[in-house]
>>> print(open('model.cif').read())   # mmCIF, N, CA and C atoms
data_my_file
loop_
_atom_site.label_atom_id
_atom_site.label_comp_id
_atom_site.auth_asym_id
_atom_site.auth_seq_id
_atom_site.Cartn_x
_atom_site.Cartn_y
_atom_site.Cartn_z
N MET I 1 56.21 -105.52 171.04
CA MET I 1 55.40 -105.54 172.24
C MET I 1 54.42 -106.71 172.19
N GLY I 2 54.20 -107.35 173.32
CA GLY I 2 53.27 -108.45 173.40
C GLY I 2 51.85 -107.95 173.58
N THR I 3 50.93 -108.80 173.25
CA THR I 3 49.53 -108.48 173.43
C THR I 3 49.11 -108.88 174.83
N GLU I 4 48.45 -107.99 175.52
CA GLU I 4 47.97 -108.28 176.87
C GLU I 4 46.77 -109.21 176.79
N GLN I 5 46.80 -110.25 177.61
CA GLN I 5 45.71 -111.21 177.65
C GLN I 5 45.26 -111.38 179.09
N SER I 6 44.03 -111.79 179.26
CA SER I 6 43.54 -112.04 180.61
C SER I 6 42.93 -113.44 180.68
N VAL I 7 43.02 -114.01 181.85
CA VAL I 7 42.48 -115.34 182.11
C VAL I 7 41.24 -115.17 182.98
N ASN I 8 40.14 -115.74 182.56
CA ASN I 8 38.91 -115.68 183.35
C ASN I 8 38.96 -116.77 184.42
N LEU I 9 39.08 -116.35 185.67
CA LEU I 9 39.16 -117.28 186.79
C LEU I 9 37.96 -117.09 187.71
N THR I 10 37.54 -118.19 188.32
CA THR I 10 36.53 -118.09 189.36
C THR I 10 37.20 -117.49 190.60
N ALA I 11 36.41 -117.12 191.57
CA ALA I 11 36.98 -116.55 192.81
C ALA I 11 37.93 -117.54 193.48
N LYS I 12 37.56 -118.81 193.54
CA LYS I 12 38.40 -119.82 194.18
C LYS I 12 39.68 -120.05 193.38
N GLU I 13 39.57 -120.09 192.05
CA GLU I 13 40.77 -120.25 191.22
C GLU I 13 41.72 -119.08 191.44
N PHE I 14 41.18 -117.88 191.51
CA PHE I 14 42.00 -116.70 191.74
C PHE I 14 42.69 -116.79 193.10
N GLN I 15 41.94 -117.16 194.14
CA GLN I 15 42.51 -117.27 195.48
C GLN I 15 43.62 -118.33 195.51
N LEU I 16 43.37 -119.43 194.82
CA LEU I 16 44.35 -120.51 194.76
C LEU I 16 45.63 -120.06 194.07
N LEU I 17 45.50 -119.43 192.91
CA LEU I 17 46.67 -118.94 192.19
C LEU I 17 47.40 -117.88 193.00
N GLU I 18 46.66 -116.99 193.62
CA GLU I 18 47.27 -115.95 194.45
C GLU I 18 48.07 -116.56 195.60
N TYR I 19 47.50 -117.56 196.26
CA TYR I 19 48.18 -118.22 197.39
C TYR I 19 49.46 -118.89 196.91
N LEU I 20 49.39 -119.59 195.79
CA LEU I 20 50.59 -120.23 195.24
C LEU I 20 51.64 -119.19 194.87
N MET I 21 51.20 -118.07 194.29
CA MET I 21 52.13 -117.02 193.88
C MET I 21 52.79 -116.34 195.08
N GLN I 22 52.13 -116.35 196.22
CA GLN I 22 52.71 -115.77 197.43
C GLN I 22 53.82 -116.64 198.00
N HIS I 23 53.90 -117.89 197.51
CA HIS I 23 54.89 -118.86 198.00
C HIS I 23 55.59 -119.55 196.84
N PRO I 24 56.23 -118.79 195.95
CA PRO I 24 56.86 -119.42 194.78
C PRO I 24 57.97 -120.38 195.20
N ASP I 25 58.05 -121.49 194.49
CA ASP I 25 59.09 -122.50 194.69
C ASP I 25 59.00 -123.22 196.03
N LEU I 26 57.93 -123.01 196.77
CA LEU I 26 57.71 -123.74 198.03
C LEU I 26 56.58 -124.73 197.83
N THR I 27 56.75 -125.92 198.36
CA THR I 27 55.70 -126.92 198.26
C THR I 27 54.69 -126.69 199.38
N LEU I 28 53.43 -126.53 198.98
CA LEU I 28 52.34 -126.35 199.93
C LEU I 28 51.55 -127.65 200.00
N THR I 29 51.24 -128.09 201.20
CA THR I 29 50.49 -129.33 201.36
C THR I 29 49.04 -129.14 200.96
N HIS I 30 48.38 -130.27 200.71
CA HIS I 30 46.94 -130.23 200.42
C HIS I 30 46.20 -129.54 201.56
N ASP I 31 46.57 -129.88 202.79
CA ASP I 31 45.90 -129.30 203.96
C ASP I 31 46.14 -127.80 204.08
N GLN I 32 47.36 -127.34 203.83
CA GLN I 32 47.64 -125.91 203.88
C GLN I 32 46.76 -125.16 202.88
N ILE I 33 46.68 -125.70 201.67
CA ILE I 33 45.89 -125.05 200.63
C ILE I 33 44.41 -125.08 200.99
N ARG I 34 43.92 -126.24 201.38
CA ARG I 34 42.49 -126.38 201.72
C ARG I 34 42.12 -125.47 202.88
N ASN I 35 42.96 -125.42 203.91
CA ASN I 35 42.66 -124.59 205.08
C ASN I 35 42.68 -123.10 204.74
N ARG I 36 43.54 -122.71 203.82
CA ARG I 36 43.65 -121.28 203.45
C ARG I 36 42.50 -120.85 202.53
N ILE I 37 42.20 -121.67 201.54
CA ILE I 37 41.23 -121.27 200.51
C ILE I 37 39.80 -121.63 200.91
N TRP I 38 39.63 -122.74 201.59
CA TRP I 38 38.29 -123.18 201.98
C TRP I 38 38.14 -123.18 203.50
N ALA I 39 38.74 -122.21 204.18
CA ALA I 39 38.79 -122.16 205.64
C ALA I 39 37.42 -122.20 206.29
N LEU I 40 36.45 -121.53 205.72
CA LEU I 40 35.12 -121.48 206.33
C LEU I 40 34.30 -122.73 206.06
N ASP I 41 34.76 -123.53 205.11
CA ASP I 41 34.02 -124.73 204.71
C ASP I 41 34.83 -125.95 205.11
N SER I 42 34.81 -126.27 206.40
CA SER I 42 35.62 -127.37 206.91
C SER I 42 35.15 -128.72 206.38
N GLU I 43 33.98 -128.76 205.78
CA GLU I 43 33.44 -130.00 205.24
C GLU I 43 33.82 -130.22 203.77
N SER I 44 34.76 -129.43 203.26
CA SER I 44 35.17 -129.56 201.87
C SER I 44 35.62 -130.99 201.58
N ALA I 45 35.27 -131.47 200.40
CA ALA I 45 35.67 -132.81 199.98
C ALA I 45 37.19 -132.90 199.92
N SER I 46 37.70 -134.08 200.17
CA SER I 46 39.15 -134.27 200.21
C SER I 46 39.81 -134.01 198.86
N ASN I 47 39.06 -134.12 197.77
CA ASN I 47 39.65 -133.92 196.45
C ASN I 47 39.42 -132.52 195.89
N VAL I 48 38.92 -131.61 196.71
CA VAL I 48 38.60 -130.26 196.23
C VAL I 48 39.86 -129.53 195.75
N VAL I 49 40.98 -129.72 196.41
CA VAL I 49 42.21 -129.04 196.00
C VAL I 49 42.67 -129.58 194.64
N ALA I 50 42.71 -130.89 194.50
CA ALA I 50 43.14 -131.49 193.23
C ALA I 50 42.23 -131.07 192.08
N ALA I 51 40.94 -131.01 192.34
CA ALA I 51 39.98 -130.61 191.30
C ALA I 51 40.21 -129.16 190.88
N GLN I 52 40.43 -128.27 191.83
CA GLN I 52 40.66 -126.86 191.51
C GLN I 52 42.00 -126.64 190.82
N ILE I 53 43.02 -127.39 191.23
CA ILE I 53 44.33 -127.31 190.57
C ILE I 53 44.17 -127.73 189.11
N ARG I 54 43.44 -128.81 188.87
CA ARG I 54 43.22 -129.31 187.50
C ARG I 54 42.54 -128.25 186.64
N LEU I 55 41.50 -127.60 187.16
CA LEU I 55 40.80 -126.56 186.42
C LEU I 55 41.70 -125.35 186.17
N LEU I 56 42.47 -124.97 187.18
CA LEU I 56 43.37 -123.83 187.04
C LEU I 56 44.45 -124.12 186.00
N ARG I 57 45.02 -125.32 186.04
CA ARG I 57 46.03 -125.70 185.05
C ARG I 57 45.48 -125.64 183.63
N LYS I 58 44.27 -126.11 183.46
CA LYS I 58 43.65 -126.11 182.14
C LYS I 58 43.54 -124.69 181.59
N LYS I 59 43.11 -123.77 182.44
CA LYS I 59 42.99 -122.38 182.01
C LYS I 59 44.35 -121.76 181.74
N LEU I 60 45.34 -122.04 182.58
CA LEU I 60 46.67 -121.48 182.38
C LEU I 60 47.34 -122.05 181.14
N ALA I 61 47.06 -123.31 180.82
CA ALA I 61 47.65 -123.96 179.65
C ALA I 61 47.25 -123.24 178.36
N GLU I 62 46.07 -122.65 178.33
CA GLU I 62 45.62 -121.91 177.15
C GLU I 62 46.54 -120.73 176.85
N PHE I 63 47.34 -120.33 177.83
CA PHE I 63 48.24 -119.19 177.68
C PHE I 63 49.71 -119.62 177.74
N GLY I 64 49.95 -120.91 177.53
CA GLY I 64 51.33 -121.42 177.51
C GLY I 64 51.95 -121.64 178.86
N CYS I 65 51.16 -121.73 179.91
CA CYS I 65 51.69 -121.90 181.27
C CYS I 65 51.34 -123.27 181.83
N GLU I 66 51.43 -124.30 181.00
CA GLU I 66 51.01 -125.63 181.44
C GLU I 66 51.93 -126.26 182.48
N ASN I 67 53.16 -125.81 182.60
CA ASN I 67 54.10 -126.39 183.57
C ASN I 67 54.35 -125.51 184.79
N LEU I 68 53.47 -124.58 185.02
CA LEU I 68 53.66 -123.63 186.11
C LEU I 68 53.46 -124.27 187.49
N ILE I 69 52.46 -125.12 187.61
CA ILE I 69 52.13 -125.74 188.90
C ILE I 69 52.56 -127.21 188.85
N GLU I 70 53.43 -127.58 189.78
CA GLU I 70 53.97 -128.93 189.85
C GLU I 70 53.29 -129.71 190.97
N THR I 71 52.95 -130.95 190.68
CA THR I 71 52.42 -131.85 191.70
C THR I 71 53.58 -132.53 192.42
N ILE I 72 53.55 -132.47 193.73
CA ILE I 72 54.51 -133.20 194.55
C ILE I 72 53.70 -134.37 195.14
N ARG I 73 53.82 -135.52 194.50
CA ARG I 73 52.97 -136.67 194.83
C ARG I 73 52.94 -136.99 196.32
N GLY I 74 51.73 -137.18 196.82
CA GLY I 74 51.54 -137.53 198.22
C GLY I 74 51.76 -136.39 199.19
N PHE I 75 52.01 -135.19 198.67
CA PHE I 75 52.31 -134.08 199.56
C PHE I 75 51.49 -132.83 199.23
N GLY I 76 51.64 -132.32 197.99
CA GLY I 76 50.94 -131.09 197.65
C GLY I 76 51.34 -130.55 196.30
N TYR I 77 51.47 -129.23 196.23
CA TYR I 77 51.74 -128.55 194.96
C TYR I 77 52.75 -127.44 195.15
N ARG I 78 53.44 -127.13 194.06
CA ARG I 78 54.42 -126.06 194.07
C ARG I 78 54.26 -125.23 192.80
N LEU I 79 54.25 -123.91 192.95
CA LEU I 79 54.28 -123.01 191.81
C LEU I 79 55.74 -122.72 191.53
N ASN I 80 56.19 -123.13 190.35
CA ASN I 80 57.59 -122.96 189.98
C ASN I 80 57.79 -121.61 189.33
N SER I 81 58.73 -120.85 189.90
CA SER I 81 59.05 -119.54 189.33
C SER I 81 59.79 -119.74 188.01
N ILE I 82 59.84 -118.71 187.21
CA ILE I 82 60.56 -118.78 185.94
C ILE I 82 62.02 -119.12 186.19
N GLN I 83 62.60 -118.55 187.24
CA GLN I 83 63.99 -118.82 187.55
C GLN I 83 64.22 -120.29 187.85
N SER I 84 63.35 -120.91 188.64
CA SER I 84 63.54 -122.32 188.98
C SER I 84 63.33 -123.20 187.76
N ARG I 85 62.40 -122.83 186.88
CA ARG I 85 62.19 -123.60 185.66
C ARG I 85 63.39 -123.48 184.74
N ASP I 86 64.02 -122.31 184.69
CA ASP I 86 65.22 -122.13 183.88
C ASP I 86 66.39 -122.93 184.43
N ASN I 87 66.50 -122.98 185.76
CA ASN I 87 67.62 -123.69 186.39
C ASN I 87 67.46 -125.20 186.37
N TYR I 88 66.25 -125.69 186.50
CA TYR I 88 66.03 -127.12 186.66
C TYR I 88 65.24 -127.75 185.53
N GLY I 89 64.84 -127.00 184.55
CA GLY I 89 64.03 -127.55 183.47
C GLY I 89 62.57 -127.51 183.82
N SER I 90 61.74 -127.76 182.85
CA SER I 90 60.30 -127.73 183.08
C SER I 90 59.85 -128.94 183.86
N PRO I 91 59.12 -128.74 184.93
CA PRO I 91 58.61 -129.88 185.71
C PRO I 91 57.46 -130.54 184.99
N GLY I 92 57.22 -131.79 185.29
CA GLY I 92 56.06 -132.47 184.76
C GLY I 92 54.84 -132.16 185.57
N ILE I 93 53.73 -132.31 184.96
CA ILE I 93 52.48 -132.06 185.68
C ILE I 93 51.88 -133.37 186.09
#
>>> encode(input="model.cif", output="C-alpha cells")
Amino acid sequence: MGTEQSVNLTAKEFQLLEYLMQHPDLTLTHDQIRNRIWALDSESASNVVAAQIRLLRKKLAEFGCENLIETIRGFGYRLNSIQSRDNYGSPGI
C-alpha cells in the first residue's frame, strides 16, 4: 500500500488544478484560464496564469508529477492524463 500524501495549495492553485482536471487532455487558452480563475479581477496581469502554473508545477514536482501540465507555446496549457502520457510519452514542460 502507498502512503497517502497531500499537497498544500493556495486557493488559486487549487482552482487552477481543478479547472485543468475538469478538462483532461484538452488545451485551455491563457484567456480561458484567466477568465475562469480570475473572473472577478479583470485587471489581472497578463502573466498571472504563467506564474500560477509555474508555482503549481513546482509543488506537484515534489510528488513526482513534474510532467503533468504541458505548455502549448503561444496558446495555453494542457493537463495530460495518465493514459495520454502512456500513449504518447511524457511531455516536456
>>> residues_around(input="model.cif", residues="Phe75 in chain I", least_positions_apart="3", cutoff="8 Å", atoms="all atoms listed in the file", output="PyMOL selection string")
chain I and resi 27-31+71-72+78
>>> residues_around(input="model.cif", residues="range 10-20 of chain I", least_positions_apart="2", cutoff="7 Å", atoms="only N, CA and C atoms", output="ChimeraX atom specification")
/I:8,22-25,37,52,56,78-79
>>> atom_distance(input="model.cif", atom1="atom C of Gly64 in chain I", atom2="atom C of Leu26 in chain I")
19.8 Å
>>> residues_around(input="model.cif", residues="Val7 in chain I", least_positions_apart="3", cutoff="9 Å", atoms="only C-alpha atoms", output="ChimeraX atom specification")
/I:59-60,62-63
>>> select_by_dssp(input="model.cif", residues="chain I", states="alpha helix (DSSP H)", output="ChimeraX atom specification")
/I:11-21,30-37,48-61,82-88
>>> atom_distance(input="model.cif", atom1="atom C of Lys58 in chain I", atom2="atom N of Thr3 in chain I")
19.4 Å
>>> atom_distance(input="model.cif", atom1="CA of Asn80 in chain I", atom2="CA of Leu68 in chain I")
5.6 Å
>>> select_by_dssp(input="model.cif", residues="range 25-81 of chain I", states="strand (DSSP E)", output="list in words")
Thr27, Leu28, Thr29, Ile69, Glu70, Thr71, Ile72, Gly76, Tyr77, Arg78 and Leu79 of chain I
>>> residues_around(input="model.cif", residues="Asn47 in chain I", least_positions_apart="2", cutoff="12 Å", atoms="only C-alpha atoms", output="list in words")
His30, Asp31, Ile33, Arg34, Glu43, Ser44, Ala45, Val49, Ala50, Ala51, Gln52, Ile53, Arg54 and Gly76 of chain I
>>> write_last_selection(input="model.cif", atoms="N, CA and C atoms", output="PDB file, in the coordinates of the input")
ATOM      1  N   HIS I  30      48.380-130.270 200.710  1.00  0.00           N
ATOM      2  CA  HIS I  30      46.940-130.230 200.420  1.00  0.00           C
ATOM      3  C   HIS I  30      46.200-129.540 201.560  1.00  0.00           C
ATOM      4  N   ASP I  31      46.570-129.880 202.790  1.00  0.00           N
ATOM      5  CA  ASP I  31      45.900-129.300 203.960  1.00  0.00           C
ATOM      6  C   ASP I  31      46.140-127.800 204.080  1.00  0.00           C
ATOM      7  N   ILE I  33      46.680-125.700 201.670  1.00  0.00           N
ATOM      8  CA  ILE I  33      45.890-125.050 200.630  1.00  0.00           C
ATOM      9  C   ILE I  33      44.410-125.080 200.990  1.00  0.00           C
ATOM     10  N   ARG I  34      43.920-126.240 201.380  1.00  0.00           N
ATOM     11  CA  ARG I  34      42.490-126.380 201.720  1.00  0.00           C
ATOM     12  C   ARG I  34      42.120-125.470 202.880  1.00  0.00           C
ATOM     13  N   GLU I  43      33.980-128.760 205.780  1.00  0.00           N
ATOM     14  CA  GLU I  43      33.440-130.000 205.240  1.00  0.00           C
ATOM     15  C   GLU I  43      33.820-130.220 203.770  1.00  0.00           C
ATOM     16  N   SER I  44      34.760-129.430 203.260  1.00  0.00           N
ATOM     17  CA  SER I  44      35.170-129.560 201.870  1.00  0.00           C
ATOM     18  C   SER I  44      35.620-130.990 201.580  1.00  0.00           C
ATOM     19  N   ALA I  45      35.270-131.470 200.400  1.00  0.00           N
ATOM     20  CA  ALA I  45      35.670-132.810 199.980  1.00  0.00           C
ATOM     21  C   ALA I  45      37.190-132.900 199.920  1.00  0.00           C
ATOM     22  N   VAL I  49      40.980-129.720 196.410  1.00  0.00           N
ATOM     23  CA  VAL I  49      42.210-129.040 196.000  1.00  0.00           C
ATOM     24  C   VAL I  49      42.670-129.580 194.640  1.00  0.00           C
ATOM     25  N   ALA I  50      42.710-130.890 194.500  1.00  0.00           N
ATOM     26  CA  ALA I  50      43.140-131.490 193.230  1.00  0.00           C
ATOM     27  C   ALA I  50      42.230-131.070 192.080  1.00  0.00           C
ATOM     28  N   ALA I  51      40.940-131.010 192.340  1.00  0.00           N
ATOM     29  CA  ALA I  51      39.980-130.610 191.300  1.00  0.00           C
ATOM     30  C   ALA I  51      40.210-129.160 190.880  1.00  0.00           C
ATOM     31  N   GLN I  52      40.430-128.270 191.830  1.00  0.00           N
ATOM     32  CA  GLN I  52      40.660-126.860 191.510  1.00  0.00           C
ATOM     33  C   GLN I  52      42.000-126.640 190.820  1.00  0.00           C
ATOM     34  N   ILE I  53      43.020-127.390 191.230  1.00  0.00           N
ATOM     35  CA  ILE I  53      44.330-127.310 190.570  1.00  0.00           C
ATOM     36  C   ILE I  53      44.170-127.730 189.110  1.00  0.00           C
ATOM     37  N   ARG I  54      43.440-128.810 188.870  1.00  0.00           N
ATOM     38  CA  ARG I  54      43.220-129.310 187.500  1.00  0.00           C
ATOM     39  C   ARG I  54      42.540-128.250 186.640  1.00  0.00           C
ATOM     40  N   GLY I  76      51.640-132.320 197.990  1.00  0.00           N
ATOM     41  CA  GLY I  76      50.940-131.090 197.650  1.00  0.00           C
ATOM     42  C   GLY I  76      51.340-130.550 196.300  1.00  0.00           C
TER      43      GLY I  76
END
>>> decode(input="model.cif", residues="chain I", atoms="C-alpha atoms", output="compact mmCIF listing (two decimals), in the first residue's frame")
# COMPACT_ATOMS: atom_id res chain seq x y z
CA MET I 1 0.00 0.00 0.00
CA GLY I 2 1.18 3.51 -0.78
CA THR I 3 1.46 6.28 1.71
CA GLU I 4 -1.16 8.99 1.35
CA GLN I 5 0.34 12.43 0.81
CA SER I 6 -1.19 15.85 0.47
CA VAL I 7 -0.09 18.93 -1.42
CA ASN I 8 -0.54 22.31 0.24
CA LEU I 9 -2.11 24.55 -2.39
CA THR I 10 -3.32 28.12 -2.24
CA ALA I 11 -6.96 28.72 -3.17
CA LYS I 12 -5.95 29.90 -6.67
CA GLU I 13 -3.61 26.94 -7.20
CA PHE I 14 -6.42 24.59 -6.18
CA GLN I 15 -8.90 26.31 -8.53
CA LEU I 16 -6.37 26.15 -11.36
CA LEU I 17 -5.62 22.45 -10.86
CA GLU I 18 -9.33 21.68 -10.50
CA TYR I 19 -10.12 23.52 -13.76
CA LEU I 20 -7.36 21.68 -15.61
CA MET I 21 -8.55 18.35 -14.17
CA GLN I 22 -12.09 19.06 -15.40
CA HIS I 23 -10.66 19.20 -18.95
CA PRO I 24 -8.01 16.47 -19.18
CA ASP I 25 -6.08 16.26 -22.45
CA LEU I 26 -7.69 19.47 -23.73
CA THR I 27 -5.64 22.58 -24.34
CA LEU I 28 -7.02 25.58 -22.48
CA THR I 29 -6.01 29.05 -23.62
CA HIS I 30 -4.47 31.63 -21.33
CA ASP I 31 -7.67 33.66 -21.65
CA GLN I 32 -9.94 30.73 -20.80
CA ILE I 33 -7.94 30.03 -17.67
CA ARG I 34 -7.64 33.68 -16.63
CA ASN I 35 -11.35 34.33 -17.19
CA ARG I 36 -12.36 31.25 -15.20
CA ILE I 37 -9.98 31.59 -12.25
CA TRP I 38 -9.62 35.37 -12.04
CA ALA I 39 -13.08 36.28 -13.40
CA LEU I 40 -13.78 38.99 -10.84
CA ASP I 41 -10.36 40.56 -11.28
CA SER I 42 -10.40 41.71 -14.89
CA GLU I 43 -7.27 43.76 -14.21
CA SER I 44 -5.14 40.64 -13.63
CA ALA I 45 -1.63 40.91 -15.03
CA SER I 46 -1.11 39.16 -18.34
CA ASN I 47 1.47 36.81 -16.80
CA VAL I 48 -0.69 35.73 -13.85
CA VAL I 49 -1.57 32.38 -15.47
CA ALA I 50 2.06 31.54 -16.30
CA ALA I 51 3.16 32.49 -12.79
CA GLN I 52 0.50 30.31 -11.13
CA ILE I 53 1.23 27.38 -13.46
CA ARG I 54 4.93 27.65 -12.52
CA LEU I 55 4.12 27.60 -8.79
CA LEU I 56 1.69 24.71 -9.20
CA ARG I 57 4.22 22.69 -11.22
CA LYS I 58 6.85 23.22 -8.55
CA LYS I 59 4.55 21.86 -5.85
CA LEU I 60 3.42 18.91 -7.98
CA ALA I 61 7.03 18.05 -8.88
CA GLU I 62 7.71 17.36 -5.19
CA PHE I 63 5.35 14.39 -5.60
CA GLY I 64 6.72 13.11 -8.92
CA CYS I 65 4.16 14.90 -11.12
CA GLU I 66 6.53 17.25 -12.93
CA ASN I 67 5.20 16.39 -16.41
CA LEU I 68 1.51 16.62 -15.63
CA ILE I 69 0.91 20.10 -17.07
CA GLU I 70 2.14 20.73 -20.61
CA THR I 71 2.76 24.16 -22.11
CA ILE I 72 1.35 24.65 -25.58
CA ARG I 73 3.53 27.57 -26.70
CA GLY I 74 1.64 30.67 -27.74
CA PHE I 75 -1.69 29.11 -26.83
CA GLY I 76 -2.10 27.76 -23.30
CA TYR I 77 -1.80 24.67 -21.16
CA ARG I 78 -2.96 21.07 -21.11
CA LEU I 79 -3.23 18.64 -18.22
CA ASN I 80 -2.13 15.29 -19.61
CA SER I 81 -3.97 12.28 -18.30
CA ILE I 82 -2.03 9.17 -17.36
CA GLN I 83 -3.47 7.44 -20.43
CA SER I 84 -2.22 10.14 -22.81
CA ARG I 85 1.22 10.13 -21.17
CA ASP I 86 1.37 6.35 -21.56
CA ASN I 87 0.33 6.54 -25.21
CA TYR I 88 2.48 9.47 -26.28
CA GLY I 89 5.32 9.60 -23.76
CA SER I 90 5.99 12.23 -21.17
CA PRO I 91 5.53 15.77 -22.46
CA GLY I 92 8.14 18.42 -21.84
CA ILE I 93 7.43 21.30 -19.59
